[in-house]
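Report on one structure; see the data block that follows.
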Amino acid sequence: MKDPLEHMIHAREARCLLRAHRYGTLSTLSVKFGGHPFGSIAPYLTDHDGSVLLFLSSLAEHSKNLLHDPRISLISHDQNDSRIQTEGRITVVGEAHPLEGRNLYAARWLRHFPENEQLFALGDFCFYRLMPNAVRHIAGFGQARWYNSHFTVLPSPLIQEEEALLAQLNSTARDILCAICHNRLQLNPVDVRAVGIDCDGLALSVDGRMLRCDFAQPVTDGIGADAQIAQLAAPLSR
């Protein structure tokens, strides 16, 4: 029997990998071609619980497909790494269903995808949620694991506290954000903003690039997040 704690640690590693990226290959079952797999590139945002938010046009082929059959998969990897066969990658298998009310998700989406603002003026875009039924994580050569539990996390107070925490960081704690960039990302930014905080880490916009720093330990509320952010800002021990 697998060690439950070890399983949860590895599942968090997989979740952090999914959170680190913004685009993936979405595979739907084609209506036009009788259920043949159809692949397309789609932006995505990992929600607080580890499920995946998609913002799709109803005119797109993949939207027509998933409305006919919600079974889909999404694979993501680091496109900046040329070692395609040995780098980390993750595939989420599940069902995607449309969500009611764009405004519930718009602010969080636009923090991560500010270039999508004009899409909200169009009436054919809406949000979908991909709930993972199974997750395949390849951490490297010979390191492949399946997860169907412990990948998603339970709701926590941090969900309601995120916006206030971000506002505080961006208004009064720019020195902390700059220290994180310097100590963890080896960058000296001109412009840096915190755009997301979840149980696993902090998302930053650094001179127009979306980057991420994972927490050493998962958190469930603002107090825990503040402590982990302070740890990220501290100089690395030699």
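Order determines the names: the first chain of the structure tokens is A, the second B, and so forth; residues in each chain are numbered 1 upward, and ligands are numbered 1 upward as they are shown.
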Problem - Non-local contacts of Leu165 in chain A (9 Å; only C-alpha atoms; under 3 positions in same chain excluded) as a PyMOL selection string - result: chain A and resi 161-162+168-170+197+222+225-226
Residues within 10 Å of His182 in chain A, please, as an mmCIF file with C-alpha atoms, in the first residue's frame. Count only C-alpha atoms; anything in the same chain fewer than 6 positions from it doesn't count.
```cif
data_model
loop_
_atom_site.group_PDB
_atom_site.id
_atom_site.type_symbol
_atom_site.label_atom_id
_atom_site.label_comp_id
_atom_site.auth_asym_id
_atom_site.auth_seq_id
_atom_site.Cartn_x
_atom_site.Cartn_y
_atom_site.Cartn_z
ATOM 1 C CA ILE A 176 8.647 42.175 -0.562
ATOM 2 C CA ASN A 188 15.472 42.735 -10.718
ATOM 3 C CA PRO A 189 12.102 43.889 -12.060
ATOM 4 C CA ALA A 233 11.224 37.098 0.373
ATOM 5 C CA ALA A 234 13.980 36.027 2.765
ATOM 6 C CA PRO A 235 17.483 35.568 1.315
#
```
Exercise for the section: Please provide as number ranges by chain all residues within 8 Å of range 92-99 of chain A, with the sequence filter that same-chain residues fewer than 2 positions apart are discarded (counting only C-alpha atoms). Expected result: A: 66-67, 70-75, 90, 101-102, 126-136
Could you turn the residues from that selection into a file that holds N, CA and C atoms, as a PDB file, in the first residue's frame?
```pdb
ATOM      1  N   LEU A  66     -17.025  19.614 -26.786  1.00  0.00           N
ATOM      2  CA  LEU A  66     -17.237  19.287 -25.374  1.00  0.00           C
ATOM      3  C   LEU A  66     -18.680  19.489 -24.941  1.00  0.00           C
ATOM      4  N   LEU A  67     -19.426  20.346 -25.643  1.00  0.00           N
ATOM      5  CA  LEU A  67     -20.852  20.460 -25.345  1.00  0.00           C
ATOM      6  C   LEU A  67     -21.608  19.210 -25.787  1.00  0.00           C
ATOM      7  N   PRO A  70     -18.705  15.872 -22.834  1.00  0.00           N
ATOM      8  CA  PRO A  70     -17.844  16.652 -21.941  1.00  0.00           C
ATOM      9  C   PRO A  70     -16.524  15.989 -21.584  1.00  0.00           C
ATOM     10  N   ARG A  71     -16.284  14.766 -22.049  1.00  0.00           N
ATOM     11  CA  ARG A  71     -15.031  14.081 -21.719  1.00  0.00           C
ATOM     12  C   ARG A  71     -13.873  14.706 -22.505  1.00  0.00           C
ATOM     13  N   ILE A  72     -12.899  15.214 -21.767  1.00  0.00           N
ATOM     14  CA  ILE A  72     -11.747  15.856 -22.401  1.00  0.00           C
ATOM     15  C   ILE A  72     -10.487  15.546 -21.605  1.00  0.00           C
ATOM     16  N   SER A  73      -9.353  15.919 -22.167  1.00  0.00           N
ATOM     17  CA  SER A  73      -8.100  15.901 -21.419  1.00  0.00           C
ATOM     18  C   SER A  73      -7.308  17.153 -21.772  1.00  0.00           C
ATOM     19  N   LEU A  74      -6.446  17.549 -20.846  1.00  0.00           N
ATOM     20  CA  LEU A  74      -5.585  18.715 -21.040  1.00  0.00           C
ATOM     21  C   LEU A  74      -4.184  18.321 -20.641  1.00  0.00           C
ATOM     22  N   ILE A  75      -3.222  18.539 -21.525  1.00  0.00           N
ATOM     23  CA  ILE A  75      -1.817  18.278 -21.195  1.00  0.00           C
ATOM     24  C   ILE A  75      -1.047  19.592 -21.234  1.00  0.00           C
ATOM     25  N   ILE A  90       2.102  17.149 -17.381  1.00  0.00           N
ATOM     26  CA  ILE A  90       0.932  16.681 -16.642  1.00  0.00           C
ATOM     27  C   ILE A  90      -0.274  16.625 -17.570  1.00  0.00           C
ATOM     28  N   GLY A 101     -22.554  32.518 -15.190  1.00  0.00           N
ATOM     29  CA  GLY A 101     -22.094  33.798 -14.681  1.00  0.00           C
ATOM     30  C   GLY A 101     -20.613  34.058 -14.879  1.00  0.00           C
ATOM     31  N   ARG A 102     -20.285  34.827 -15.897  1.00  0.00           N
ATOM     32  CA  ARG A 102     -18.874  35.121 -16.168  1.00  0.00           C
ATOM     33  C   ARG A 102     -18.250  35.999 -15.095  1.00  0.00           C
ATOM     34  N   CYS A 126     -17.463  31.916 -22.745  1.00  0.00           N
ATOM     35  CA  CYS A 126     -17.913  31.583 -21.397  1.00  0.00           C
ATOM     36  C   CYS A 126     -16.898  30.671 -20.727  1.00  0.00           C
ATOM     37  N   PHE A 127     -17.055  30.516 -19.414  1.00  0.00           N
ATOM     38  CA  PHE A 127     -16.137  29.701 -18.629  1.00  0.00           C
ATOM     39  C   PHE A 127     -16.638  28.263 -18.544  1.00  0.00           C
ATOM     40  N   TYR A 128     -15.670  27.357 -18.536  1.00  0.00           N
ATOM     41  CA  TYR A 128     -15.917  25.940 -18.311  1.00  0.00           C
ATOM     42  C   TYR A 128     -15.000  25.488 -17.177  1.00  0.00           C
ATOM     43  N   ARG A 129     -15.464  24.491 -16.438  1.00  0.00           N
ATOM     44  CA  ARG A 129     -14.619  23.903 -15.403  1.00  0.00           C
ATOM     45  C   ARG A 129     -14.324  22.454 -15.760  1.00  0.00           C
ATOM     46  N   LEU A 130     -13.036  22.123 -15.806  1.00  0.00           N
ATOM     47  CA  LEU A 130     -12.586  20.751 -15.992  1.00  0.00           C
ATOM     48  C   LEU A 130     -12.286  20.171 -14.618  1.00  0.00           C
ATOM     49  N   MET A 131     -13.118  19.220 -14.190  1.00  0.00           N
ATOM     50  CA  MET A 131     -12.889  18.540 -12.923  1.00  0.00           C
ATOM     51  C   MET A 131     -12.075  17.273 -13.177  1.00  0.00           C
ATOM     52  N   PRO A 132     -10.922  17.162 -12.537  1.00  0.00           N
ATOM     53  CA  PRO A 132     -10.067  16.000 -12.789  1.00  0.00           C
ATOM     54  C   PRO A 132     -10.684  14.703 -12.263  1.00  0.00           C
ATOM     55  N   ASN A 133     -10.820  13.722 -13.140  1.00  0.00           N
ATOM     56  CA  ASN A 133     -11.152  12.366 -12.716  1.00  0.00           C
ATOM     57  C   ASN A 133      -9.877  11.558 -12.472  1.00  0.00           C
ATOM     58  N   ALA A 134      -8.853  11.868 -13.249  1.00  0.00           N
ATOM     59  CA  ALA A 134      -7.548  11.229 -13.095  1.00  0.00           C
ATOM     60  C   ALA A 134      -6.491  12.190 -13.622  1.00  0.00           C
ATOM     61  N   VAL A 135      -5.307  12.106 -13.047  1.00  0.00           N
ATOM     62  CA  VAL A 135      -4.208  12.985 -13.436  1.00  0.00           C
ATOM     63  C   VAL A 135      -2.966  12.125 -13.642  1.00  0.00           C
ATOM     64  N   ARG A 136      -2.312  12.323 -14.770  1.00  0.00           N
ATOM     65  CA  ARG A 136      -1.059  11.635 -15.080  1.00  0.00           C
ATOM     66  C   ARG A 136       0.070  12.644 -14.982  1.00  0.00           C
TER      67      ARG A 136
END
```
Practice task
Please give the complete set of residues from range 24-201 of chain A that DSSP, run on the backbone, assigns to strand (DSSP E), formatted as a PyMOL selection string.
Solution key: chain A and resi 24-29+37-46+52-57+71-77+89-98+125-140+143-147+192-198+201
Handout entry: Distance query Leu154 in chain A at most 10 Å, only C-alpha atoms, self and fewer than 4 positions along chain excluded, as an NGL selection string
Key = :A and (48-50 or 150 or 220)
What are the DSSP alpha helix (DSSP H) residues of chain A, as a short mmCIF file (atom, residue, chain, number, x, y, z; two decimals) with C-alpha atoms, in the first residue's frame?
```cif
data_model
loop_
_atom_site.label_atom_id
_atom_site.label_comp_id
_atom_site.auth_asym_id
_atom_site.auth_seq_id
_atom_site.Cartn_x
_atom_site.Cartn_y
_atom_site.Cartn_z
CA PRO A 4 -0.69 8.35 2.02
CA LEU A 5 1.61 11.21 3.05
CA GLU A 6 4.04 10.50 0.22
CA HIS A 7 1.09 10.27 -2.16
CA MET A 8 -0.17 13.70 -1.05
CA ILE A 9 3.32 15.22 -1.42
CA HIS A 10 3.64 13.92 -4.98
CA ALA A 11 0.09 15.04 -5.78
CA ARG A 12 0.99 18.55 -4.65
CA GLU A 13 4.06 18.50 -6.90
CA ALA A 14 1.76 17.62 -9.81
CA ARG A 15 -0.68 20.38 -8.87
CA CYS A 16 2.14 22.94 -8.67
CA LEU A 17 3.30 21.92 -12.14
CA LEU A 18 -0.21 22.43 -13.51
CA ARG A 19 -0.47 25.82 -11.80
CA ALA A 20 2.88 26.95 -13.22
CA GLU A 61 -14.43 23.59 -32.59
CA HIS A 62 -13.41 22.33 -29.14
CA SER A 63 -16.41 24.05 -27.54
CA LYS A 64 -18.81 22.36 -29.93
CA ASN A 65 -17.14 19.05 -29.16
CA LEU A 66 -17.24 19.29 -25.37
CA LEU A 67 -20.85 20.46 -25.35
CA HIS A 68 -21.67 17.28 -27.25
CA ASN A 103 -18.51 37.84 -13.53
CA LEU A 104 -17.81 35.27 -10.79
CA TYR A 105 -14.55 34.31 -12.50
CA ALA A 106 -13.70 37.34 -14.65
CA ALA A 107 -11.57 39.32 -12.18
CA ARG A 108 -9.34 36.37 -11.32
CA TRP A 109 -9.00 35.34 -14.96
CA LEU A 110 -8.07 38.84 -16.09
CA ARG A 111 -5.37 39.15 -13.45
CA HIS A 112 -3.67 36.16 -15.07
CA LEU A 158 -8.00 31.71 1.43
CA ILE A 159 -10.49 31.72 -1.45
CA GLN A 160 -12.36 34.68 0.06
CA GLU A 161 -9.18 36.35 1.33
CA GLU A 162 -7.20 36.28 -1.92
CA GLU A 163 -8.25 39.67 -3.33
CA ALA A 164 -7.59 41.54 -0.07
CA LEU A 165 -4.18 39.89 0.28
CA LEU A 166 -3.27 40.85 -3.28
CA ALA A 167 -4.40 44.44 -2.74
CA GLN A 168 -2.25 44.69 0.37
CA LEU A 169 0.82 43.23 -1.34
CA ASN A 170 0.52 45.49 -4.36
CA SER A 171 -0.14 48.68 -2.41
CA THR A 172 2.22 48.45 0.55
CA ARG A 174 6.39 46.15 -3.29
CA ASP A 175 9.73 45.69 -1.52
CA ILE A 176 8.65 42.17 -0.56
CA LEU A 177 7.66 41.37 -4.14
CA CYS A 178 10.98 42.71 -5.43
CA ALA A 179 12.85 40.64 -2.84
CA ILE A 180 10.99 37.52 -3.99
CA CYS A 181 11.95 38.27 -7.60
CA HIS A 182 15.57 38.83 -6.65
CA ASN A 183 15.99 35.90 -4.25
CA ARG A 184 13.82 33.27 -5.94
CA LEU A 185 13.73 34.22 -9.61
CA GLY A 222 -4.21 34.57 4.83
CA ILE A 223 -2.08 34.15 7.96
CA GLY A 224 -0.42 31.09 6.49
CA ALA A 225 0.01 32.83 3.13
CA ASP A 226 1.66 35.87 4.75
CA ALA A 227 4.14 33.61 6.52
CA GLN A 228 5.02 31.75 3.34
CA ILE A 229 5.35 34.98 1.35
CA ALA A 230 7.74 36.33 3.99
CA GLN A 231 9.74 33.11 3.67
CA LEU A 232 9.92 33.55 -0.12
CA ALA A 233 11.22 37.10 0.37
#
```
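Among the candidate residues A:Val219, A:Gln186, A:Thr28, A:Ile138, the one lying nearest to Leu236 in chain A is A:Gln186, with distances computed using only C-alpha atoms.
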Handout entry: For Leu29 in chain A, the nearest of the candidates A:Ala203, A:Val190, A:Phe55, A:Asp69, counting only C-alpha atoms
Key = A:Asp69
Exercise for the section: Find, counting only C-alpha atoms, the residue in A:Met210, A:Val192, A:Leu187, A:Ala60 that gets nearest to Gly39 in chain A. Expected result: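 Ranked by minimum distance to Gly39 in chain A, first place goes to A:Ala60.
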Handout entry: Interatomic distance (Å, one decimal) between CA of Asp124 in chain A and CA of Ser58 in chain A
Key =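 CA of Ser58 in chain A lies at a distance of 5.4 Å from CA of Asp124 in chain A.
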Handout entry: Polymer residues at most 7 Å from Arg22 in chain A, only C-alpha atoms, same-chain spacing of 3 or more positions, as a list of chain:residue names
Key =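 Here the qualifying residues turn out to be A:Pro43, A:Tyr44, A:Leu45.
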For the residues selected in the previous step, produce a file with N, CA and C atoms as a short mmCIF file (atom, residue, chain, number, x, y, z; two decimals), in the first residue's frame.
```cif
data_model
loop_
_atom_site.label_atom_id
_atom_site.label_comp_id
_atom_site.auth_asym_id
_atom_site.auth_seq_id
_atom_site.Cartn_x
_atom_site.Cartn_y
_atom_site.Cartn_z
N PRO A 43 -5.79 28.47 -23.44
CA PRO A 43 -5.33 29.01 -22.15
C PRO A 43 -6.14 28.38 -21.02
N TYR A 44 -5.53 28.25 -19.86
CA TYR A 44 -6.26 27.71 -18.71
C TYR A 44 -5.73 28.35 -17.44
N LEU A 45 -6.56 28.28 -16.41
CA LEU A 45 -6.19 28.79 -15.09
C LEU A 45 -6.59 27.74 -14.06
#
```
Practice task
Would you list the contacts of Glu87 in chain A as a ChimeraX atom specification, taking every protein, DNA or RNA residue within 12 Å and counting only C-alpha atoms, but skipping same-chain residues closer than 5 positions in sequence?
Solution key: /A:17,76-82,137-144
